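Structure data (mmCIF, C-alpha atoms) from coords.cif:
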```cif
data_model
loop_
_atom_site.label_atom_id
_atom_site.label_comp_id
_atom_site.auth_asym_id
_atom_site.auth_seq_id
_atom_site.Cartn_x
_atom_site.Cartn_y
_atom_site.Cartn_z
CA MET X 1 10.12 35.43 -22.63
CA GLU X 2 11.93 34.62 -25.82
CA LYS X 3 12.30 31.04 -26.86
CA PRO X 4 15.63 29.73 -25.56
CA VAL X 5 17.99 27.58 -27.60
CA LEU X 6 16.81 24.05 -26.82
CA ILE X 7 19.32 22.10 -28.89
CA ARG X 8 22.78 23.59 -28.94
CA GLU X 9 25.04 23.55 -32.01
CA ASP X 10 27.00 20.59 -30.67
CA GLY X 11 23.77 18.54 -30.59
CA LEU X 12 23.45 18.60 -26.79
CA ARG X 13 20.55 20.07 -24.87
CA ARG X 14 20.34 23.24 -22.78
CA ASP X 15 21.65 21.50 -19.67
CA GLY X 16 24.34 19.57 -21.57
CA ARG X 17 22.51 16.26 -21.80
CA ARG X 18 22.49 14.08 -24.88
CA PRO X 19 19.00 13.67 -26.44
CA ASP X 20 18.69 10.16 -24.99
CA GLU X 21 20.11 10.95 -21.57
CA LEU X 22 18.14 11.06 -18.32
CA ARG X 23 18.56 13.68 -15.64
CA PRO X 24 20.40 12.51 -12.50
CA ILE X 25 17.95 10.34 -10.57
CA HIS X 26 17.82 9.82 -6.84
CA ILE X 27 15.46 7.29 -5.28
CA GLU X 28 14.87 6.37 -1.66
CA VAL X 29 12.16 4.13 -0.19
CA GLY X 30 10.70 3.90 3.30
CA VAL X 31 11.26 7.56 4.12
CA LEU X 32 8.10 8.13 6.19
CA LYS X 33 7.48 6.51 9.56
CA ASN X 34 3.71 6.84 9.78
CA ALA X 35 2.85 5.64 6.28
CA ASP X 36 2.61 1.93 5.49
CA GLY X 37 4.80 2.53 2.46
CA SER X 38 6.63 5.56 1.12
CA ALA X 39 9.24 6.71 -1.38
CA ILE X 40 10.92 9.90 -2.52
CA VAL X 41 12.00 10.28 -6.14
CA GLU X 42 14.09 13.03 -7.70
CA TYR X 43 14.48 13.51 -11.47
CA GLY X 44 16.97 16.35 -11.61
CA LYS X 45 15.24 19.28 -9.93
CA THR X 46 11.85 17.53 -9.77
CA LYS X 47 11.16 16.15 -6.30
CA VAL X 48 8.15 13.98 -5.50
CA ILE X 49 7.21 12.10 -2.36
CA ALA X 50 4.60 9.34 -2.26
CA ALA X 51 2.91 7.60 0.67
CA THR X 52 0.50 4.67 0.73
CA TYR X 53 -1.87 3.41 3.37
CA GLY X 54 -3.79 0.20 3.49
CA PRO X 55 -5.38 -2.13 2.72
CA ARG X 56 -7.74 -0.50 5.20
CA GLU X 57 -11.44 0.01 5.76
CA ILE X 58 -13.27 2.31 3.37
CA TYR X 59 -15.02 5.44 4.53
CA PRO X 60 -17.57 6.41 3.22
CA LYS X 61 -18.84 2.84 3.15
CA HIS X 62 -20.91 3.11 -0.03
CA LEU X 63 -17.69 3.09 -2.05
CA VAL X 64 -16.83 -0.52 -1.16
CA LEU X 65 -16.25 -2.96 -3.97
CA PRO X 66 -17.39 -6.45 -2.93
CA ASP X 67 -14.80 -8.32 -4.99
CA ARG X 68 -11.64 -6.22 -4.84
CA ALA X 69 -9.84 -3.35 -3.18
CA LEU X 70 -10.55 0.23 -4.17
CA ILE X 71 -7.49 2.25 -5.12
CA ARG X 72 -7.68 5.94 -4.35
CA CYS X 73 -4.97 8.26 -5.55
CA ARG X 74 -4.30 11.91 -4.88
CA TYR X 75 -1.68 13.72 -6.93
CA HIS X 76 -1.07 17.12 -5.42
CA MET X 77 1.42 19.90 -6.01
CA ALA X 78 2.60 21.76 -2.94
CA PRO X 79 1.96 25.53 -3.07
CA PHE X 80 5.73 26.11 -2.93
CA SER X 81 6.59 23.60 -5.67
CA THR X 82 6.34 26.00 -8.62
CA SER X 83 8.00 29.34 -9.39
CA GLU X 84 4.73 31.13 -8.75
CA HIS X 85 2.56 30.32 -5.74
CA LYS X 86 0.09 27.61 -6.64
CA SER X 87 -3.32 27.42 -5.00
CA PRO X 88 -3.35 24.34 -2.78
CA ALA X 89 -6.85 23.42 -3.95
CA PRO X 90 -6.85 20.50 -6.41
CA SER X 91 -6.89 21.92 -9.93
CA ARG X 92 -8.42 20.35 -13.02
CA ARG X 93 -4.96 19.17 -14.06
CA GLU X 94 -4.24 17.53 -10.69
CA ILE X 95 -7.57 15.70 -10.72
CA GLU X 96 -6.80 14.36 -14.19
CA LEU X 97 -3.30 13.23 -13.21
CA SER X 98 -4.68 11.53 -10.10
CA LYS X 99 -6.97 9.57 -12.37
CA VAL X 100 -4.36 8.49 -14.92
CA ILE X 101 -1.87 7.49 -12.21
CA ARG X 102 -4.57 5.55 -10.37
CA GLU X 103 -5.53 3.71 -13.55
CA ALA X 104 -1.89 2.93 -14.31
CA LEU X 105 -1.43 1.40 -10.86
CA GLU X 106 -4.76 -0.45 -10.91
CA SER X 107 -3.44 -2.50 -13.81
CA VAL X 108 -0.48 -3.82 -11.80
CA VAL X 109 -1.87 -4.21 -8.26
CA PHE X 110 -3.61 -7.47 -7.26
CA THR X 111 -6.67 -5.71 -5.89
CA GLU X 112 -8.76 -8.90 -5.75
CA LEU X 113 -6.69 -10.13 -2.78
CA PHE X 114 -8.18 -7.49 -0.48
CA PRO X 115 -11.93 -7.25 -1.11
CA ARG X 116 -13.93 -4.48 0.60
CA THR X 117 -10.84 -2.48 1.52
CA THR X 118 -9.10 0.56 0.13
CA ILE X 119 -5.49 1.32 -0.75
CA ASP X 120 -4.84 5.05 -0.51
CA ILE X 121 -1.98 6.65 -2.41
CA PHE X 122 -0.83 10.19 -1.79
CA ILE X 123 1.59 11.81 -4.21
CA GLU X 124 2.97 15.17 -3.19
CA VAL X 125 5.08 17.22 -5.60
CA LEU X 126 7.64 19.13 -3.53
CA GLN X 127 9.47 20.78 -6.40
CA ALA X 128 8.32 20.85 -10.02
CA ASP X 129 10.66 20.98 -12.99
CA GLY X 130 8.86 18.93 -15.62
CA GLY X 131 8.01 15.24 -15.46
CA THR X 132 6.16 15.40 -12.16
CA ARG X 133 3.52 12.87 -13.17
CA THR X 134 6.13 10.34 -14.27
CA ALA X 135 8.20 10.89 -11.12
CA GLY X 136 4.96 10.61 -9.15
CA LEU X 137 4.08 7.32 -10.80
CA THR X 138 7.57 5.94 -10.08
CA ALA X 139 7.33 7.05 -6.44
CA ALA X 140 3.80 5.64 -6.02
CA SER X 141 4.75 2.23 -7.37
CA LEU X 142 7.79 2.11 -5.06
CA ALA X 143 5.64 3.14 -2.10
CA LEU X 144 3.22 0.30 -2.88
CA ALA X 145 6.10 -2.18 -3.06
CA ASP X 146 7.42 -0.76 0.21
CA ALA X 147 3.99 -1.32 1.81
CA GLY X 148 4.16 -4.97 0.77
CA ILE X 149 1.15 -4.80 -1.52
CA PRO X 150 1.25 -7.58 -4.13
CA MET X 151 1.99 -6.19 -7.58
CA ARG X 152 2.60 -7.71 -10.98
CA ASP X 153 5.55 -5.42 -11.58
CA LEU X 154 7.08 -2.10 -10.63
CA VAL X 155 6.19 0.83 -12.87
CA ALA X 156 8.75 3.34 -14.06
CA GLY X 157 7.54 6.62 -15.48
CA VAL X 158 9.45 8.66 -18.04
CA ALA X 159 8.57 11.36 -20.56
CA VAL X 160 9.71 11.71 -24.15
CA GLY X 161 9.48 15.08 -25.87
CA LYS X 162 10.11 16.62 -29.23
CA ILE X 163 12.12 19.82 -29.13
CA ASP X 164 13.29 21.60 -32.28
CA GLY X 165 12.38 18.45 -34.23
CA VAL X 166 14.54 16.14 -32.11
CA LEU X 167 13.14 13.37 -29.88
CA VAL X 168 14.57 13.73 -26.39
CA LEU X 169 14.23 11.74 -23.19
CA ASP X 170 13.03 13.02 -19.81
CA ILE X 171 12.18 16.62 -20.68
CA ASP X 172 12.31 19.36 -18.07
CA GLU X 173 10.03 22.36 -17.69
CA ILE X 174 11.66 24.70 -20.24
CA GLU X 175 11.81 21.96 -22.86
CA ASP X 176 8.15 21.13 -22.16
CA GLU X 177 7.10 24.77 -22.46
CA TYR X 178 8.90 25.53 -25.73
CA GLY X 179 8.96 22.04 -27.26
CA GLU X 180 6.57 20.63 -29.84
CA ALA X 181 5.44 17.48 -28.03
CA ASP X 182 5.45 15.83 -24.61
CA MET X 183 4.64 12.15 -24.14
CA PRO X 184 4.71 10.72 -20.61
CA ILE X 185 4.85 6.93 -20.43
CA GLY X 186 4.43 4.47 -17.54
CA TYR X 187 6.26 1.25 -18.31
CA ALA X 188 6.33 -2.04 -16.40
CA ALA X 189 9.68 -3.23 -17.65
CA SER X 190 9.73 -6.89 -16.55
CA ILE X 191 6.35 -7.79 -18.02
CA ASP X 192 6.82 -5.37 -20.93
CA GLU X 193 3.55 -3.47 -20.53
CA ILE X 194 2.78 0.20 -21.03
CA VAL X 195 0.34 1.21 -18.30
CA LEU X 196 0.22 4.96 -18.91
CA LEU X 197 0.52 6.90 -22.14
CA GLN X 198 -0.45 10.47 -22.80
CA LEU X 199 0.53 12.79 -25.61
CA ASN X 200 0.54 16.53 -25.66
CA GLY X 201 1.46 18.00 -29.06
CA VAL X 202 2.01 16.42 -32.43
CA LEU X 203 4.10 13.40 -33.47
CA THR X 204 4.08 11.57 -36.79
CA PRO X 205 3.42 7.80 -36.66
CA ASP X 206 7.12 7.11 -37.24
CA GLU X 207 8.14 9.55 -34.54
CA MET X 208 5.63 7.94 -32.21
CA LYS X 209 7.19 4.50 -32.68
CA GLU X 210 10.64 5.98 -32.18
CA ALA X 211 9.48 7.85 -29.08
CA ILE X 212 8.03 4.72 -27.47
CA LYS X 213 11.27 2.89 -28.14
CA LEU X 214 13.21 5.73 -26.55
CA ALA X 215 10.85 5.87 -23.56
CA LYS X 216 11.19 2.14 -22.96
CA LYS X 217 14.95 2.48 -22.99
CA GLY X 218 14.79 5.30 -20.45
CA ALA X 219 12.22 3.52 -18.30
CA GLU X 220 14.40 0.44 -18.13
CA GLN X 221 17.24 2.51 -16.71
CA ILE X 222 14.89 3.99 -14.09
CA TYR X 223 13.49 0.53 -13.36
CA LYS X 224 17.00 -0.66 -12.56
CA LEU X 225 17.50 2.24 -10.15
CA MET X 226 14.15 1.45 -8.50
CA LYS X 227 15.18 -2.14 -7.91
CA GLU X 228 18.52 -0.97 -6.58
CA ALA X 229 16.74 1.35 -4.13
CA LEU X 230 14.57 -1.51 -2.83
CA HIS X 231 17.60 -3.79 -2.51
CA ARG X 232 19.53 -1.07 -0.73
CA LYS X 233 16.77 -0.58 1.82
CA TYR X 234 15.62 -4.13 2.49
CA LEU X 235 17.55 -6.84 0.82
CA ARG X 236 21.20 -6.06 1.40
CA VAL X 237 21.23 -7.36 4.99
CA LEU X 238 19.66 -10.61 3.87
CA GLU X 239 22.57 -11.40 1.60
CA SER X 240 23.76 -14.86 2.55
CA MET W 1 18.31 -24.95 -12.49
CA ASP W 2 18.82 -27.81 -10.07
CA LYS W 3 20.44 -25.85 -7.31
CA ARG W 4 17.75 -23.97 -5.43
CA VAL W 5 19.35 -20.86 -4.02
CA VAL W 6 17.42 -18.32 -2.03
CA LYS W 7 16.99 -15.25 -4.21
CA ARG W 8 16.21 -11.69 -3.21
CA VAL W 9 13.43 -10.43 -5.42
CA THR W 10 11.36 -7.33 -6.14
CA PRO W 11 7.92 -7.31 -7.84
CA GLY W 12 8.08 -8.59 -11.40
CA ASP W 13 11.22 -10.70 -11.01
CA ILE W 14 11.16 -14.14 -12.61
CA VAL W 15 11.57 -16.86 -9.97
CA GLY W 16 10.77 -19.94 -12.06
CA VAL W 17 8.58 -21.38 -14.78
CA GLU W 18 5.11 -22.86 -14.68
CA GLU W 19 6.34 -26.38 -15.47
CA GLU W 20 8.56 -26.70 -12.40
CA PHE W 21 6.59 -25.07 -9.58
CA ILE W 22 3.16 -24.07 -8.32
CA PRO W 23 3.03 -20.42 -7.27
CA GLY W 24 2.37 -20.03 -3.54
CA TYR W 25 2.05 -16.90 -1.42
CA GLY W 26 3.50 -13.84 -3.13
CA ALA W 27 4.01 -15.42 -6.57
CA TYR W 28 1.94 -15.46 -9.74
CA ILE W 29 2.05 -16.84 -13.28
CA ASP W 30 2.18 -14.33 -16.12
CA GLU W 31 0.80 -14.79 -19.63
CA GLU W 32 3.99 -16.42 -20.89
CA GLY W 33 4.14 -19.08 -18.17
CA TYR W 34 6.84 -17.54 -16.01
CA ILE W 35 6.40 -17.48 -12.26
CA ARG W 36 7.06 -13.96 -11.03
CA SER W 37 7.28 -12.33 -7.63
CA GLN W 38 4.54 -10.02 -6.33
CA LEU W 39 6.57 -8.69 -3.41
CA VAL W 40 9.86 -7.40 -2.12
CA GLY W 41 11.22 -10.46 -0.39
CA ILE W 42 13.15 -13.70 -0.59
CA THR W 43 12.20 -16.92 -2.34
CA GLN W 44 11.21 -20.03 -0.44
CA PHE W 45 10.97 -23.48 -1.99
CA ASP W 46 8.89 -26.46 -0.93
CA LEU W 47 10.50 -29.19 -2.99
CA VAL W 48 8.07 -31.87 -1.79
CA LYS W 49 4.91 -30.02 -2.77
CA ARG W 50 6.71 -28.15 -5.59
CA ILE W 51 5.52 -24.79 -4.29
CA ILE W 52 7.49 -21.59 -4.64
CA SER W 53 6.54 -18.69 -2.39
CA ILE W 54 7.92 -15.29 -1.50
CA LYS W 55 8.56 -14.23 2.08
CA HIS W 56 8.04 -10.56 2.96
CA VAL W 57 11.02 -8.58 4.20
CA LYS W 58 8.75 -6.08 5.94
CA ASP W 59 5.42 -6.49 7.74
CA LYS W 60 2.85 -7.83 5.35
CA PRO W 61 -0.48 -6.05 4.84
CA LEU W 62 -2.65 -7.04 7.78
CA THR W 63 -6.32 -7.81 7.26
CA PRO W 64 -8.32 -10.05 9.61
CA LYS W 65 -8.58 -13.68 8.43
CA PRO W 66 -10.95 -16.38 9.75
CA GLY W 67 -9.54 -17.85 12.96
CA ALA W 68 -7.37 -14.83 13.77
CA ILE W 69 -7.46 -13.50 17.34
CA VAL W 70 -8.07 -9.77 17.32
CA GLU W 71 -8.15 -7.09 19.97
CA GLY W 72 -10.53 -4.17 19.85
CA ILE W 73 -12.54 -1.56 21.66
CA ILE W 74 -16.33 -1.64 21.94
CA THR W 75 -17.52 1.46 20.08
CA GLY W 76 -21.24 0.77 19.99
CA ILE W 77 -23.49 -1.64 21.84
CA SER W 78 -27.15 -2.61 21.97
CA ASP W 79 -28.98 -5.57 23.51
CA ASP W 80 -28.11 -7.90 20.66
CA LEU W 81 -25.22 -6.37 18.72
CA ALA W 82 -21.89 -4.77 19.57
CA PHE W 83 -19.47 -2.93 17.28
CA VAL W 84 -15.77 -3.38 17.80
CA ASN W 85 -12.95 -1.20 16.54
CA ILE W 86 -10.15 -3.67 15.84
CA TYR W 87 -6.63 -2.36 16.49
CA ALA W 88 -4.53 -5.54 16.63
CA ILE W 89 -4.55 -8.80 14.69
CA ASN W 90 -2.78 -11.80 16.24
CA GLU W 91 -1.08 -9.42 18.67
CA LYS W 92 0.40 -7.38 15.81
CA PHE W 93 -0.39 -3.70 15.70
CA SER W 94 2.68 -2.26 14.00
CA ARG W 95 0.72 -1.06 10.97
CA SER W 96 -2.22 1.27 10.87
CA ILE W 97 -4.99 -1.23 11.54
CA ASN W 98 -8.50 0.06 11.81
CA PHE W 99 -11.28 -2.39 10.98
CA THR W 100 -14.81 -2.74 12.27
CA GLY W 101 -16.08 -6.03 13.69
CA ILE W 102 -19.48 -7.00 15.05
CA ILE W 103 -20.48 -9.41 17.81
CA HIS W 104 -23.97 -10.86 18.00
CA VAL W 105 -25.41 -11.72 21.41
CA SER W 106 -25.44 -15.42 20.44
CA GLN W 107 -21.67 -15.31 19.85
CA ALA W 108 -20.77 -13.51 23.06
CA SER W 109 -20.80 -16.29 25.64
CA ASN W 110 -21.32 -20.05 26.01
CA GLU W 111 -23.85 -19.38 28.74
CA TYR W 112 -27.23 -17.86 28.08
CA ILE W 113 -27.16 -14.09 28.38
CA LYS W 114 -30.21 -11.95 28.03
CA SER W 115 -28.46 -8.83 26.79
CA LEU W 116 -24.99 -7.98 25.50
CA TYR W 117 -24.67 -5.53 28.38
CA GLU W 118 -24.09 -8.59 30.58
CA ALA W 119 -20.97 -9.35 28.54
CA PHE W 120 -19.44 -6.00 27.54
CA ARG W 121 -19.91 -2.29 28.03
CA LEU W 122 -19.02 0.69 25.87
CA GLY W 123 -15.30 1.52 25.75
CA GLU W 124 -14.08 -1.81 27.07
CA VAL W 125 -11.22 -3.72 25.47
CA ILE W 126 -11.88 -7.23 24.25
CA LYS W 127 -10.14 -10.17 22.66
CA ALA W 128 -12.21 -11.95 20.00
CA LYS W 129 -11.91 -14.47 17.19
CA VAL W 130 -12.70 -13.66 13.56
CA LEU W 131 -15.32 -15.86 11.88
CA ASN W 132 -15.48 -14.60 8.29
CA ASP W 133 -13.30 -13.23 5.55
CA TYR W 134 -14.85 -9.90 4.67
CA HIS W 135 -15.96 -6.64 6.12
CA PRO W 136 -17.81 -6.22 8.48
CA TYR W 137 -15.97 -8.93 10.38
CA GLN W 138 -18.12 -11.25 12.48
CA LEU W 139 -16.46 -11.94 15.82
CA THR W 140 -16.99 -14.46 18.60
CA THR W 141 -15.94 -14.51 22.25
CA ARG W 142 -17.26 -18.00 23.02
CA GLU W 143 -13.91 -19.32 24.24
CA PRO W 144 -12.14 -19.11 27.62
CA GLY W 145 -9.33 -16.96 26.23
CA LEU W 146 -11.75 -14.53 24.65
CA GLY W 147 -13.81 -11.75 26.22
CA VAL W 148 -13.04 -8.51 28.02
CA ILE W 149 -9.42 -7.89 28.98
CA VAL W 150 -10.05 -4.42 30.39
CA ALA W 151 -13.39 -3.39 31.92
CA TYR W 152 -14.60 -0.35 33.78
CA CYS W 153 -17.10 0.11 36.58
CA SER W 154 -20.49 1.11 35.20
CA ARG W 155 -21.06 3.44 38.15
CA CYS W 156 -17.77 5.31 38.63
CA GLY W 157 -15.65 4.37 35.61
CA TYR W 158 -12.81 2.97 37.72
CA PRO W 159 -11.00 -0.08 36.23
CA LEU W 160 -12.47 -3.33 37.57
CA TYR W 161 -10.31 -5.93 39.29
CA ARG W 162 -10.74 -9.61 38.84
CA LYS W 163 -11.70 -11.49 42.00
CA ASP W 164 -12.12 -15.21 41.37
CA ASP W 165 -14.48 -15.30 38.39
CA ARG W 166 -16.07 -11.95 38.94
CA LEU W 167 -15.09 -8.32 38.46
CA TYR W 168 -14.88 -6.10 41.50
CA CYS W 169 -14.85 -2.32 41.78
CA PRO W 170 -12.84 -1.29 44.85
CA ARG W 171 -14.29 2.23 44.83
CA CYS W 172 -17.96 1.27 44.76
CA ASP W 173 -17.45 -2.05 46.59
CA GLN W 174 -19.64 -3.92 44.14
CA TYR W 175 -19.36 -6.80 41.66
CA GLU W 176 -20.17 -6.71 37.94
CA THR W 177 -20.75 -9.44 35.37
CA ARG W 178 -18.81 -9.63 32.12
CA LYS W 179 -17.62 -12.27 29.68
CA ILE W 180 -14.11 -12.33 31.12
CA SER W 181 -11.08 -13.52 29.17
CA VAL W 182 -8.44 -15.55 31.01
CA PHE W 183 -6.08 -12.79 29.88
CA TYR W 184 -7.90 -10.17 31.96
CA LEU W 185 -5.32 -7.53 32.89
CA PHE W 186 -6.18 -6.30 36.39
CA ARG W 187 -6.15 -8.92 39.14
CA GLU W 188 -6.27 -8.78 42.88
#
```
Structure rendered as structure tokens:
Amino acid sequence: MEKPVLIREDGLRRDGRRPDELRPIHIEVGVLKNADGSAIVEYGKTKVIAATYGPREIYPKHLVLPDRALIRCRYHMAPFSTSEHKSPAPSRREIELSKVIREALESVVFTELFPRTTIDIFIEVLQADGGTRTAGLTAASLALADAGIPMRDLVAGVAVGKIDGVLVLDIDEIEDEYGEADMPIGYAASIDEIVLLQLNGVLTPDEMKEAIKLAKKGAEQIYKLMKEALHRKYLRVLES
Amino acid sequence: MDKRVVKRVTPGDIVGVEEEFIPGYGAYIDEEGYIRSQLVGITQFDLVKRIISIKHVKDKPLTPKPGAIVEGIITGISDDLAFVNIYAINEKFSRSINFTGIIHVSQASNEYIKSLYEAFRLGEVIKAKVLNDYHPYQLTTREPGLGVIVAYCSRCGYPLYRKDDRLYCPRCDQYETRKISVFYLFRE
């Protein structure tokens, strides 16, 4: 396939967004009955559902940590989530993303409150259109909050990319495929901490600084929507 | 900040500063000295003790704590040790609870029993108290309210009925000994 026009002549992107504009975002928490906590997150056409269980007993028992809870995370793409059938077996990429998402969440969860237990997180990508790991991270952190697990902050995930030399926010699949760089970021907005940062492609040091600034701006918008979703589900009725 | 209004908070929200309050349940102090929420909930103030805590809006994560009364099923038993699959903590079983507890023969009854088989049998439902704070949970049934709440006949498997202080099987017309809780379910 030929490279499509990523930045149009009027400076907008393929889908008509400005470079610093997010896709339409839809967030809902507490969507699953059987999970202790759950959330569904949509970034444009990307749809991700996350469920958490625990703190519960660890099996196999040799994995127990005597001083804190073990966090286990599974990021998985459904076979029907991509344009071509994807094997349901965990790929190298999914194992890596499970690890980076787990490490991002480990840095915000108070695991020492639940020694010798496990907190299991399941992230299922229902439809993939770029930014699945960031949507997955957002969904997982909301699911943990929904389960009532003590956390230092919520984490919002957002990707910054470079397409045709322009830094853009929240890139989709086409922009990722034909762009020059893709940098997903997990950002805890209230405590101002970056808990996940990866970079695929090349950015100059100046571009990097600019990209982080842009990502923080985008993550703050998502963070607001996450808080709104939690208020909508649980806190509206308590208004006094 | 004199007026203390109840605030609805999500994790990471600032609820106060270190100088004015001590963080209680569901609150923590960050590096800059702000007290922040750990949970989705509402703030609660104790102005006498100067404690600020967060109250859950949903069920909180349930793990057995010392002193909690738990219910469980005997999943393994020997002369001196029984394994219990805990399904409810303080009569709450709304979340997926599944913890293992153990009962030693010395913690089963106030009276001397030679073997744990005199107190429980496999598959029976018991009420017990938690003694420690970590897995595997040590349990005790040395109180009148604790012990079996559902027991089955060791010969035919029929549920036993409580007659006075003993358990009676109407099918086999025989009595069995158990450590019976005052909350035993089937009575004559």
Write out as JSON lines the residues of chain X that have any atom within 6 Å of an atom of chain W, one row each with the nearest atom pair and its distance in Å to one decimal, counting all atoms listed in the file, sorted by chain and then rising number.
```
{"residue": "X:Glu57", "atom": "CA", "partner": "W:Phe99", "partner_atom": "CA", "distance": 5.7}
{"residue": "X:Gly148", "atom": "CA", "partner": "W:Lys60", "partner_atom": "CA", "distance": 5.6}
{"residue": "X:Pro150", "atom": "CA", "partner": "W:Gln38", "partner_atom": "CA", "distance": 4.6}
{"residue": "X:Met151", "atom": "CA", "partner": "W:Gln38", "partner_atom": "CA", "distance": 4.8}
{"residue": "X:Arg152", "atom": "CA", "partner": "W:Gln38", "partner_atom": "CA", "distance": 5.5}
{"residue": "X:Asp153", "atom": "CA", "partner": "W:Gly12", "partner_atom": "CA", "distance": 4.1}
{"residue": "X:Leu154", "atom": "CA", "partner": "W:Pro11", "partner_atom": "CA", "distance": 6.0}
{"residue": "X:Ser190", "atom": "CA", "partner": "W:Gly12", "partner_atom": "CA", "distance": 5.7}
```
The PyMOL selection byres ((chain X and resi 157) around 8) on the file shown: which residues, as a compact mmCIF listing (two decimals) with C-alpha atoms, in the coordinates of the input?
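Okay, result_31.txt is ready:
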```txt
# COMPACT_ATOMS: atom_id res chain seq x y z
CA ARG X 133 3.52 12.87 -13.17
CA THR X 134 6.13 10.34 -14.27
CA ALA X 135 8.20 10.89 -11.12
CA GLY X 136 4.96 10.61 -9.15
CA LEU X 137 4.08 7.32 -10.80
CA THR X 138 7.57 5.94 -10.08
CA VAL X 155 6.19 0.83 -12.87
CA ALA X 156 8.75 3.34 -14.06
CA VAL X 158 9.45 8.66 -18.04
CA ALA X 159 8.57 11.36 -20.56
CA PRO X 184 4.71 10.72 -20.61
CA ILE X 185 4.85 6.93 -20.43
CA GLY X 186 4.43 4.47 -17.54
CA TYR X 187 6.26 1.25 -18.31
CA ALA X 219 12.22 3.52 -18.30
CA ILE X 222 14.89 3.99 -14.09
```
Residue contacts of stretch 142-146 of chain W (10 Å, only C-alpha atoms) excluding same-chain residues fewer than 3 positions away, as a ChimeraX atom specification: /W:69-71,106-111,126-129,139,149,179-184
Atom CA of W:Glu118 and atom CA of W:Ile77 are how many Å apart? 11.2 Å
Since I can't run it myself right now, could you work out what the PyMOL selection byres ((chain W and resi 16-21) around 7) selects here and report it as an MDAnalysis selection string? chainID W and resid 14:15 22:23 29 33:35 50:52
Mind giving me the straight-line distance from atom CA of X:Glu193 to atom CA of W:Phe45 in Å, one decimal? 28.3 Å
If you count all atoms listed in the file, which residues fall within 7 Å of X:Asp36, apart from same-chain ones fewer than 5 positions away, as a list in words?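 My reading of the contact set: Thr52, Tyr53, Gly54 and Ala147 of chain X; Arg95 of chain W.
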The PyMOL selection byres ((chain X and resi 80-90) around 6) resolved against shown file, as a PDB file with C-alpha atoms, in the coordinates of the input:
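Output file selection_10.pdb follows:
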```pdb
ATOM      1  CA  ALA X  78       2.600  21.760  -2.940  1.00  0.00           C
ATOM      2  CA  PRO X  79       1.960  25.530  -3.070  1.00  0.00           C
ATOM      3  CA  SER X  91      -6.890  21.920  -9.930  1.00  0.00           C
ATOM      4  CA  GLU X  94      -4.240  17.530 -10.690  1.00  0.00           C
ATOM      5  CA  LEU X 126       7.640  19.130  -3.530  1.00  0.00           C
ATOM      6  CA  GLN X 127       9.470  20.780  -6.400  1.00  0.00           C
ATOM      7  CA  ALA X 128       8.320  20.850 -10.020  1.00  0.00           C
TER       8      ALA X 128
END
```
For X:Ser98, which of X:Thr111, X:Pro205, X:Ala140, X:Pro66 is the closest residue, counting only C-alpha atoms? X:Ala140
Work out how far apart atom CA of X:Ile174 and atom CA of X:Lys3 are and give it in Å to one decimal. 9.2 Å
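The smallest atom-to-atom distance between X:Met208 and any of X:Gly11, X:Gly179, X:Pro24, X:Gly161, using only C-alpha atoms, is found for X:Gly161.
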Mind dumping stretch 19-45 of chain W from that block, keeping C-alpha atoms, as an mmCIF file, in the first residue's frame?
```cif
data_model
loop_
_atom_site.group_PDB
_atom_site.id
_atom_site.type_symbol
_atom_site.label_atom_id
_atom_site.label_comp_id
_atom_site.auth_asym_id
_atom_site.auth_seq_id
_atom_site.Cartn_x
_atom_site.Cartn_y
_atom_site.Cartn_z
ATOM 1 C CA GLU W 19 0.299 20.003 59.044
ATOM 2 C CA GLU W 20 -3.445 19.839 59.679
ATOM 3 C CA PHE W 21 -4.293 16.133 59.708
ATOM 4 C CA ILE W 22 -2.971 12.611 60.213
ATOM 5 C CA PRO W 23 -3.841 10.325 57.308
ATOM 6 C CA GLY W 24 -6.177 7.508 58.360
ATOM 7 C CA TYR W 25 -7.682 4.688 56.327
ATOM 8 C CA GLY W 26 -7.546 5.352 52.599
ATOM 9 C CA ALA W 27 -5.265 8.412 52.748
ATOM 10 C CA TYR W 28 -1.525 8.887 52.362
ATOM 11 C CA ILE W 29 1.084 11.654 52.423
ATOM 12 C CA ASP W 30 2.972 12.321 49.199
ATOM 13 C CA GLU W 31 6.521 13.650 48.883
ATOM 14 C CA GLU W 32 5.397 17.274 49.009
ATOM 15 C CA GLY W 33 3.411 16.919 52.238
ATOM 16 C CA TYR W 34 -0.074 16.833 50.770
ATOM 17 C CA ILE W 35 -2.553 14.292 52.058
ATOM 18 C CA ARG W 36 -4.080 12.487 49.100
ATOM 19 C CA SER W 37 -6.829 9.927 48.675
ATOM 20 C CA GLN W 38 -6.062 6.290 47.812
ATOM 21 C CA LEU W 39 -9.648 5.378 46.973
ATOM 22 C CA VAL W 40 -12.874 6.304 45.278
ATOM 23 C CA GLY W 41 -14.923 7.534 48.194
ATOM 24 C CA ILE W 42 -15.904 10.370 50.479
ATOM 25 C CA THR W 43 -13.815 12.153 53.085
ATOM 26 C CA GLN W 44 -14.398 11.707 56.796
ATOM 27 C CA PHE W 45 -12.919 13.954 59.464
#
```
